[in-house]
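Visitor: Structure file data_29.cif, mmCIF, C-alpha atoms, is pasted below:
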data_structure
#
loop_
_atom_site.label_atom_id
_atom_site.label_comp_id
_atom_site.auth_asym_id
_atom_site.auth_seq_id
_atom_site.Cartn_x
_atom_site.Cartn_y
_atom_site.Cartn_z
CA MET D 18 -2.93 -32.09 -27.67
CA ILE D 19 -2.85 -35.28 -25.60
CA PRO D 20 0.03 -35.01 -23.11
CA GLU D 21 2.85 -37.53 -23.15
CA ASN D 22 2.21 -40.60 -21.02
CA ALA D 23 -1.43 -39.61 -20.43
CA ARG D 24 -2.74 -42.85 -21.91
CA GLU D 25 -0.39 -44.94 -19.76
CA ILE D 26 -1.52 -43.02 -16.68
CA LEU D 27 -5.18 -43.50 -17.63
CA GLU D 28 -4.83 -47.24 -18.13
CA LYS D 29 -2.89 -47.69 -14.89
CA ALA D 30 -5.58 -45.81 -12.96
CA LEU D 31 -8.36 -47.89 -14.54
CA PHE D 32 -6.72 -51.24 -13.88
CA GLU D 33 -5.54 -50.43 -10.35
CA ALA D 34 -9.00 -49.22 -9.41
CA GLY D 35 -10.53 -52.32 -10.98
CA LYS D 36 -8.39 -54.52 -8.73
CA VAL D 37 -9.60 -52.60 -5.69
CA LEU D 38 -13.24 -53.00 -6.70
CA LEU D 39 -12.88 -56.74 -7.28
CA SER D 40 -11.26 -57.13 -3.86
CA HIS D 41 -14.36 -55.55 -2.30
CA PHE D 42 -16.99 -57.16 -4.53
CA GLY D 43 -19.17 -59.81 -2.94
CA THR D 44 -18.44 -58.70 0.62
CA SER D 45 -20.90 -56.93 2.85
CA HIS D 46 -21.19 -53.22 2.04
CA LYS D 47 -23.30 -50.64 3.80
CA ALA D 48 -24.48 -48.13 1.21
CA LYS D 49 -24.74 -44.57 2.47
CA VAL D 50 -27.40 -42.42 0.81
CA LYS D 51 -26.14 -39.15 -0.69
CA GLU D 52 -28.46 -36.64 -2.39
CA SER D 53 -31.29 -39.15 -3.02
CA ILE D 54 -32.21 -42.80 -2.43
CA SER D 55 -30.96 -43.56 -5.96
CA SER D 56 -27.50 -42.14 -5.18
CA VAL D 57 -25.37 -44.08 -2.73
CA VAL D 58 -21.71 -44.51 -1.78
CA THR D 59 -19.81 -47.44 -0.27
CA GLU D 60 -16.32 -47.94 1.13
CA ALA D 61 -15.40 -49.47 -2.23
CA ASP D 62 -16.12 -46.14 -3.97
CA LEU D 63 -13.79 -44.36 -1.58
CA ALA D 64 -11.05 -47.00 -1.76
CA SER D 65 -11.14 -46.95 -5.56
CA GLU D 66 -11.00 -43.17 -5.60
CA ARG D 67 -7.99 -43.10 -3.27
CA THR D 68 -6.17 -45.51 -5.58
CA ILE D 69 -6.98 -43.45 -8.68
CA LEU D 70 -5.97 -40.17 -7.08
CA LYS D 71 -2.62 -41.62 -6.06
CA VAL D 72 -1.94 -42.58 -9.69
CA LEU D 73 -3.11 -39.27 -11.15
CA VAL D 74 -1.35 -36.99 -8.68
CA ASP D 75 1.93 -38.90 -8.65
CA THR D 76 3.19 -37.08 -11.75
CA PRO D 77 5.59 -34.14 -12.27
CA ASN D 78 2.81 -31.77 -13.37
CA PRO D 79 -0.56 -32.97 -12.05
CA TYR D 80 -3.73 -31.82 -13.78
CA ASN D 81 -6.96 -30.60 -12.24
CA ILE D 82 -9.16 -33.41 -10.97
CA ILE D 83 -12.93 -33.79 -10.65
CA THR D 84 -14.10 -36.91 -8.85
CA GLU D 85 -17.57 -38.03 -7.86
CA GLU D 86 -16.76 -38.34 -4.17
CA SER D 87 -14.13 -35.65 -3.52
CA GLY D 88 -15.28 -32.96 -5.92
CA TYR D 89 -13.03 -30.42 -7.64
CA VAL D 90 -9.27 -30.09 -7.06
CA SER D 91 -7.44 -27.40 -9.03
CA HIS D 92 -3.78 -27.62 -9.98
CA GLY D 93 -3.95 -24.59 -12.29
CA SER D 94 -3.88 -26.71 -15.44
CA GLU D 95 -5.74 -26.53 -18.78
CA TYR D 96 -6.19 -30.30 -18.42
CA THR D 97 -8.66 -31.97 -16.07
CA TRP D 98 -9.13 -35.61 -15.11
CA VAL D 99 -12.80 -36.48 -14.58
CA VAL D 100 -13.23 -39.61 -12.49
CA ASP D 101 -16.03 -41.96 -11.49
CA PRO D 102 -14.27 -44.47 -9.22
CA LEU D 103 -17.25 -46.83 -9.07
CA ASP D 104 -19.99 -46.41 -11.62
CA GLY D 105 -22.97 -48.58 -10.77
CA THR D 106 -22.64 -48.37 -6.99
CA SER D 107 -26.21 -49.56 -6.37
CA ASN D 108 -25.54 -52.64 -8.50
CA PHE D 109 -22.24 -53.25 -6.72
CA ALA D 110 -23.79 -52.97 -3.27
CA ALA D 111 -26.52 -55.44 -4.28
CA GLY D 112 -23.97 -57.97 -5.51
CA LEU D 113 -24.74 -57.41 -9.19
CA PRO D 114 -21.69 -57.38 -11.52
CA TRP D 115 -22.79 -54.31 -13.52
CA PHE D 116 -20.18 -51.82 -12.36
CA GLY D 117 -16.85 -50.36 -13.39
CA VAL D 118 -14.50 -47.39 -13.54
CA ILE D 119 -14.82 -44.34 -15.80
CA ILE D 120 -12.06 -41.77 -16.39
CA ALA D 121 -11.75 -38.98 -18.94
CA LEU D 122 -9.06 -36.41 -19.62
CA MET D 123 -10.50 -33.06 -20.62
CA TRP D 124 -8.72 -30.23 -22.36
CA LYS D 125 -10.60 -27.15 -21.22
CA GLY D 126 -14.19 -28.32 -21.77
CA ASP D 127 -13.65 -31.16 -24.23
CA PRO D 128 -12.87 -34.84 -23.57
CA ILE D 129 -9.74 -35.85 -25.49
CA LEU D 130 -8.86 -39.18 -23.88
CA ALA D 131 -11.27 -41.61 -22.23
CA GLY D 132 -11.51 -45.04 -20.69
CA MET D 133 -14.18 -47.31 -19.27
CA TYR D 134 -13.14 -50.50 -17.48
CA ILE D 135 -15.36 -53.42 -16.49
CA PRO D 136 -13.28 -55.42 -14.01
CA VAL D 137 -15.57 -58.46 -13.76
CA ASP D 138 -15.28 -59.03 -17.53
CA GLN D 139 -11.79 -57.49 -17.80
CA ASP D 140 -13.01 -55.39 -20.74
CA VAL D 141 -11.49 -51.97 -21.33
CA TYR D 142 -12.93 -49.41 -23.74
CA LEU D 143 -10.54 -46.65 -24.78
CA ALA D 144 -10.65 -43.68 -27.15
CA GLU D 145 -8.47 -40.77 -28.12
CA LEU D 146 -9.80 -37.74 -29.97
CA LYS D 147 -9.76 -38.38 -33.74
CA LYS D 148 -8.16 -41.81 -33.30
CA GLY D 149 -11.21 -44.05 -32.97
CA ALA D 150 -12.46 -46.30 -30.18
CA ARG D 151 -11.19 -49.72 -29.15
CA LYS D 152 -12.31 -52.55 -26.91
CA ASN D 153 -9.40 -54.58 -25.58
CA GLY D 154 -7.28 -53.12 -28.38
CA VAL D 155 -9.70 -54.01 -31.20
CA PRO D 156 -11.50 -51.21 -33.13
CA ILE D 157 -15.23 -51.05 -32.44
CA ARG D 158 -18.22 -49.29 -33.98
CA THR D 159 -21.74 -48.44 -32.92
CA THR D 160 -24.62 -50.16 -34.69
CA PRO D 161 -24.75 -49.54 -38.46
CA SER D 162 -28.53 -49.99 -38.48
CA SER D 163 -30.93 -47.17 -39.25
CA ASN D 164 -33.98 -49.20 -38.17
CA LEU D 165 -34.97 -48.28 -34.63
CA ALA D 166 -37.39 -51.22 -34.47
CA GLU D 167 -34.41 -53.59 -34.60
CA GLN D 168 -32.71 -52.05 -31.58
CA LEU D 169 -32.56 -52.70 -27.87
CA ILE D 170 -32.47 -49.33 -26.11
CA ALA D 171 -31.13 -48.67 -22.62
CA TYR D 172 -33.16 -46.21 -20.57
CA SER D 173 -31.79 -45.48 -17.11
CA PHE D 174 -34.32 -44.21 -14.62
CA ASP D 175 -33.64 -42.68 -11.20
CA PHE D 176 -35.55 -41.07 -8.37
CA SER D 177 -36.52 -37.43 -8.86
CA SER D 178 -37.95 -35.01 -6.34
CA ASP D 179 -39.96 -33.52 -9.22
CA PRO D 180 -43.13 -35.60 -9.81
CA ALA D 181 -43.60 -33.99 -13.24
CA LYS D 182 -40.16 -35.19 -14.36
CA THR D 183 -40.92 -38.72 -13.20
CA ALA D 184 -44.28 -38.73 -15.00
CA SER D 185 -42.72 -37.35 -18.18
CA GLU D 186 -40.02 -40.01 -18.23
CA MET D 187 -42.55 -42.79 -17.66
CA GLN D 188 -44.62 -41.50 -20.57
CA LEU D 189 -41.54 -41.33 -22.79
CA MET D 190 -40.62 -44.92 -21.95
CA ALA D 191 -44.17 -45.99 -22.83
CA ARG D 192 -43.81 -44.33 -26.24
CA LEU D 193 -40.41 -45.91 -26.81
CA THR D 194 -41.65 -49.43 -26.08
CA LYS D 195 -43.98 -49.15 -29.08
CA GLN D 196 -41.18 -48.29 -31.52
CA VAL D 197 -38.07 -50.17 -30.37
CA ARG D 198 -37.45 -53.89 -30.01
CA ASN D 199 -37.20 -53.63 -26.25
CA ILE D 200 -35.88 -51.52 -23.38
CA ARG D 201 -33.04 -52.74 -21.19
CA SER D 202 -30.94 -51.04 -18.53
CA THR D 203 -28.17 -51.69 -16.04
CA ASN D 204 -28.09 -47.98 -15.12
CA SER D 205 -24.30 -48.10 -15.33
CA LEU D 206 -21.39 -47.84 -17.75
CA TYR D 207 -22.45 -51.19 -19.22
CA ASP D 208 -25.19 -49.37 -21.14
CA PHE D 209 -22.63 -47.01 -22.68
CA CYS D 210 -20.20 -49.85 -23.40
CA TYR D 211 -22.86 -51.93 -25.13
CA THR D 212 -23.92 -48.91 -27.19
CA THR D 213 -20.30 -48.30 -28.17
CA ASP D 214 -19.80 -51.81 -29.53
CA GLY D 215 -23.22 -52.01 -31.19
CA ARG D 216 -25.02 -54.44 -28.92
CA LEU D 217 -27.43 -51.69 -27.91
CA GLY D 218 -28.74 -49.13 -30.36
CA ALA D 219 -28.83 -46.28 -27.87
CA VAL D 220 -28.77 -45.23 -24.26
CA ILE D 221 -30.89 -42.49 -22.68
CA ASN D 222 -30.27 -41.16 -19.20
CA GLN D 223 -31.77 -37.90 -17.97
CA THR D 224 -29.99 -37.93 -14.60
CA THR D 225 -26.20 -37.91 -15.05
CA LYS D 226 -23.18 -35.97 -13.90
CA ILE D 227 -20.02 -35.12 -15.82
CA TRP D 228 -18.14 -38.09 -14.33
CA ASP D 229 -20.82 -40.44 -15.69
CA ILE D 230 -20.73 -39.23 -19.29
CA ALA D 231 -17.54 -37.34 -20.18
CA ALA D 232 -15.68 -40.54 -21.13
CA PRO D 233 -18.65 -42.29 -22.79
CA THR D 234 -19.31 -39.17 -24.87
CA LEU D 235 -15.87 -39.33 -26.47
CA ILE D 236 -15.78 -43.11 -26.81
CA ILE D 237 -19.19 -43.36 -28.47
CA LYS D 238 -18.42 -40.49 -30.85
CA GLU D 239 -15.09 -42.08 -31.77
CA ALA D 240 -16.97 -45.33 -32.45
CA GLY D 241 -19.09 -43.51 -35.03
CA GLY D 242 -22.04 -42.69 -32.80
CA VAL D 243 -23.91 -39.51 -31.95
CA VAL D 244 -24.16 -37.95 -28.50
CA THR D 245 -26.51 -35.06 -27.66
CA ASP D 246 -28.62 -33.79 -24.82
CA ILE D 247 -32.32 -34.67 -24.59
CA ASN D 248 -33.17 -31.79 -26.95
CA GLY D 249 -30.74 -32.96 -29.62
CA ASP D 250 -28.20 -30.24 -28.87
CA VAL D 251 -24.46 -30.59 -28.32
CA ILE D 252 -23.52 -31.22 -24.70
CA ASN D 253 -21.26 -28.50 -23.32
CA PHE D 254 -19.39 -29.61 -20.22
CA ASP D 255 -18.83 -27.08 -17.44
CA LEU D 256 -15.62 -27.78 -15.52
CA SER D 257 -15.84 -24.78 -13.20
CA SER D 258 -15.60 -25.48 -9.49
CA GLY D 259 -19.12 -24.17 -8.91
CA SER D 260 -20.86 -26.04 -11.71
CA PHE D 261 -19.08 -29.35 -12.22
CA ASP D 262 -21.95 -31.27 -10.58
CA HIS D 263 -24.53 -29.93 -13.06
CA ASN D 264 -27.13 -32.49 -14.21
CA TYR D 265 -27.01 -33.67 -17.84
CA ALA D 266 -29.69 -35.47 -19.83
CA ILE D 267 -27.90 -37.57 -22.44
CA VAL D 268 -28.93 -39.40 -25.59
CA ALA D 269 -26.14 -41.54 -27.10
CA THR D 270 -26.84 -43.64 -30.19
CA GLY D 271 -25.59 -45.27 -33.32
CA ALA D 272 -25.57 -42.62 -36.05
CA GLY D 273 -28.35 -44.23 -38.09
CA VAL D 274 -30.98 -44.25 -35.36
CA HIS D 275 -30.36 -40.92 -33.66
CA GLN D 276 -32.80 -38.86 -35.68
CA SER D 277 -35.59 -41.42 -35.35
CA LEU D 278 -35.09 -41.54 -31.61
CA MET D 279 -35.01 -37.76 -31.36
CA ASN D 280 -38.27 -37.57 -33.31
CA ILE D 281 -39.95 -39.74 -30.68
CA ILE D 282 -38.51 -37.65 -27.86
CA LYS D 283 -39.46 -34.33 -29.44
CA ASN D 284 -42.99 -35.46 -30.26
CA HIS D 285 -43.33 -36.59 -26.67
#
What would the structure in this file look like if it were written as structure tokens?
Guide:
Amino acid sequence: MIPENAREILEKALFEAGKVLLSHFGTSHKAKVKESISSVVTEADLASERTILKVLVDTPNPYNIITEESGYVSHGSEYTWVVDPLDGTSNFAAGLPWFGVIIALMWKGDPILAGMYIPVDQDVYLAELKKGARKNGVPIRTTPSSNLAEQLIAYSFDFSSDPAKTASEMQLMARLTKQVRNIRSTNSLYDFCYTTDGRLGAVINQTTKIWDIAAPTLIIKEAGGVVTDINGDVINFDLSSGSFDHNYAIVATGAGVHQSLMNIIKNH
């Protein structure tokens, strides 16, 4: 199912984009606001995306591509690259090192190959469908614990134009603080990476796009974790040109703590 050379293409795109981001990191960047004050773009996003697109398109039979900045490009393929050229742009623009590159290869609506790269740490997380997850070539697993009280949980929180959504999320975080060890968040791929390798017990983010979570969904599942939407249902990705920017509310956890966390969410 995974096309020949797809993994090599993925890794090249991740590493080349990482070099671009490091070359821009620490310099002055004017962040341009997109759909809300929590969503911004810098020249580094665009430079990284240009580099990735050059790698992905420079093949005999290019696949469809969805990127955060350029949107949907169809090449009439059953395969689609889903790209976040700079995840954690707000962190990056502020000079914080919590940022990286996320790329997934989808077959129809399912991620089958995925990578997350943290250039500052030079850590790469990779997964192929039914072949497990690896960090820098070493197999990794989500937390084996079933005790939610032992876990640090990442909860990413963004601006919403809906006051009721903001209030609901604040109330949920208040409930969580009473039943987990603590709440942490970088609001970036770091939260997914740390959940994948067991340093965090879970990550919750109710404001994500497909480019934020397609790769983490596969990687965390291949590391033995569970990924659902906020209601506990399977996430179904929509790759259509009119719906690719749909909002997703994601809950990604180690297998042993998912039900306990969902109980808190559902009771809330």
Visitor: Could you tell me which residues the PyMOL selection byres ((chain D and resi 148-157) around 9) grabs in this file, written as a compact mmCIF listing (two decimals) with C-alpha atoms, in the frame of the given file?
Guide:
# COMPACT_ATOMS: atom_id res chain seq x y z
CA GLN D 139 -11.79 -57.49 -17.80
CA ASP D 140 -13.01 -55.39 -20.74
CA VAL D 141 -11.49 -51.97 -21.33
CA TYR D 142 -12.93 -49.41 -23.74
CA LEU D 143 -10.54 -46.65 -24.78
CA ALA D 144 -10.65 -43.68 -27.15
CA GLU D 145 -8.47 -40.77 -28.12
CA LEU D 146 -9.80 -37.74 -29.97
CA LYS D 147 -9.76 -38.38 -33.74
CA ARG D 158 -18.22 -49.29 -33.98
CA THR D 159 -21.74 -48.44 -32.92
CA THR D 213 -20.30 -48.30 -28.17
CA ASP D 214 -19.80 -51.81 -29.53
CA GLY D 215 -23.22 -52.01 -31.19
CA LEU D 235 -15.87 -39.33 -26.47
CA ILE D 236 -15.78 -43.11 -26.81
CA ILE D 237 -19.19 -43.36 -28.47
CA LYS D 238 -18.42 -40.49 -30.85
CA GLU D 239 -15.09 -42.08 -31.77
CA ALA D 240 -16.97 -45.33 -32.45
CA GLY D 241 -19.09 -43.51 -35.03
Visitor: For the structure shown, which residues end up in the PyMOL selection byres ((chain D and resi 255-271) around 6)? Put them as a short mmCIF file (atom, residue, chain, number, x, y, z; two decimals) with C-alpha atoms, keeping the file's coordinate frame, please?
Guide:
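Written output follows (selection-v1.cif):
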data_model
loop_
_atom_site.label_atom_id
_atom_site.label_comp_id
_atom_site.auth_asym_id
_atom_site.auth_seq_id
_atom_site.Cartn_x
_atom_site.Cartn_y
_atom_site.Cartn_z
CA TYR D 89 -13.03 -30.42 -7.64
CA THR D 159 -21.74 -48.44 -32.92
CA THR D 160 -24.62 -50.16 -34.69
CA GLY D 218 -28.74 -49.13 -30.36
CA ALA D 219 -28.83 -46.28 -27.87
CA VAL D 220 -28.77 -45.23 -24.26
CA ILE D 221 -30.89 -42.49 -22.68
CA ASN D 222 -30.27 -41.16 -19.20
CA GLN D 223 -31.77 -37.90 -17.97
CA THR D 224 -29.99 -37.93 -14.60
CA THR D 225 -26.20 -37.91 -15.05
CA LYS D 226 -23.18 -35.97 -13.90
CA GLY D 242 -22.04 -42.69 -32.80
CA VAL D 243 -23.91 -39.51 -31.95
CA VAL D 244 -24.16 -37.95 -28.50
CA THR D 245 -26.51 -35.06 -27.66
CA ASP D 246 -28.62 -33.79 -24.82
CA ILE D 247 -32.32 -34.67 -24.59
CA PHE D 254 -19.39 -29.61 -20.22
CA ALA D 272 -25.57 -42.62 -36.05
CA GLY D 273 -28.35 -44.23 -38.09
CA VAL D 274 -30.98 -44.25 -35.36
CA HIS D 275 -30.36 -40.92 -33.66
#
Visitor: Quick one, how far is CA of Ile281 in chain D from CA of Tyr207 in chain D?
Guide: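 That distance, rounded to one decimal, is 23.8 Å.
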Visitor: Expanded to explicit residues, what is the PyMOL selection byres ((chain D and resi 189) around 10) for this file, as JSON, numbers by chain?
Guide: {"D": [172, 183, 184, 185, 186, 187, 188, 190, 191, 192, 193, 194, 281, 282, 283, 284, 285]}
Visitor: Keeping only C-alpha atoms, write those residues as a tab-separated table (two decimals), keeping the file's coordinate frame.
Guide:
chain	number	residue	atom	x	y	z
D	172	TYR	CA	-33.16	-46.21	-20.57
D	183	THR	CA	-40.92	-38.72	-13.20
D	184	ALA	CA	-44.28	-38.73	-15.00
D	185	SER	CA	-42.72	-37.35	-18.18
D	186	GLU	CA	-40.02	-40.01	-18.23
D	187	MET	CA	-42.55	-42.79	-17.66
D	188	GLN	CA	-44.62	-41.50	-20.57
D	190	MET	CA	-40.62	-44.92	-21.95
D	191	ALA	CA	-44.17	-45.99	-22.83
D	192	ARG	CA	-43.81	-44.33	-26.24
D	193	LEU	CA	-40.41	-45.91	-26.81
D	194	THR	CA	-41.65	-49.43	-26.08
D	281	ILE	CA	-39.95	-39.74	-30.68
D	282	ILE	CA	-38.51	-37.65	-27.86
D	283	LYS	CA	-39.46	-34.33	-29.44
D	284	ASN	CA	-42.99	-35.46	-30.26
D	285	HIS	CA	-43.33	-36.59	-26.67
Visitor: Which is closest to Ser163 in chain D among D:Ala110, D:Ile252, D:Ala121, D:Leu278, if we use all atoms listed in the file?
Guide: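 Between D:Ala110, D:Ile252, D:Ala121, D:Leu278, the residue approaching Ser163 in chain D most closely is D:Leu278.
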Visitor: Please indicate the distance in Å from CA of Ser202 in chain D to CA of Asp62 in chain D, rounded to one decimal place.
Guide: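 Separation between CA of Ser202 in chain D and CA of Asp62 in chain D: 21.3 Å.
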Visitor: Just to confirm, what's the straight-line distance from CA of Gly35 in chain D to CA of Asn78 in chain D in Å (one decimal)?
Guide: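 CA of Asn78 in chain D lies at a distance of 24.6 Å from CA of Gly35 in chain D.
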Visitor: Between D:Val58, D:Ala111, D:Val72, D:Leu103, single out the one closest to Ser205 in chain D, counting only C-alpha atoms.
Guide: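 Of D:Val58, D:Ala111, D:Val72, D:Leu103, the one nearest Ser205 in chain D is D:Leu103, counting only C-alpha atoms.
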Visitor: Would you mind telling me which residue in D:Val197, D:Pro77, D:Gly126, D:Trp115 lies nearest to Cys210 in chain D when using all atoms listed in the file?
Guide: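 Between D:Val197, D:Pro77, D:Gly126, D:Trp115, the residue approaching Cys210 in chain D most closely is D:Trp115.
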Visitor: Out of D:Ser107, D:Asn280, D:Thr44, D:Ser162, which residue has the shortest atom-to-atom distance to Thr203 in chain D when counting all atoms listed in the file?
Guide: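 Closest candidate: D:Ser107.
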Visitor: May I ask which of the residues D:Ile83, D:Val100, D:Ile129, D:Val90 is the closest one to Ala30 in chain D, counting all atoms listed in the file?
Guide: D:Val100
Visitor: Kindly indicate which residue among D:Val74, D:Met18, D:Val137, D:Ile26 lies nearest to Phe109 in chain D, using all atoms listed in the file for the distances.
Guide: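 When distances to Phe109 in chain D are compared using all atoms listed in the file, the smallest one comes from D:Val137.
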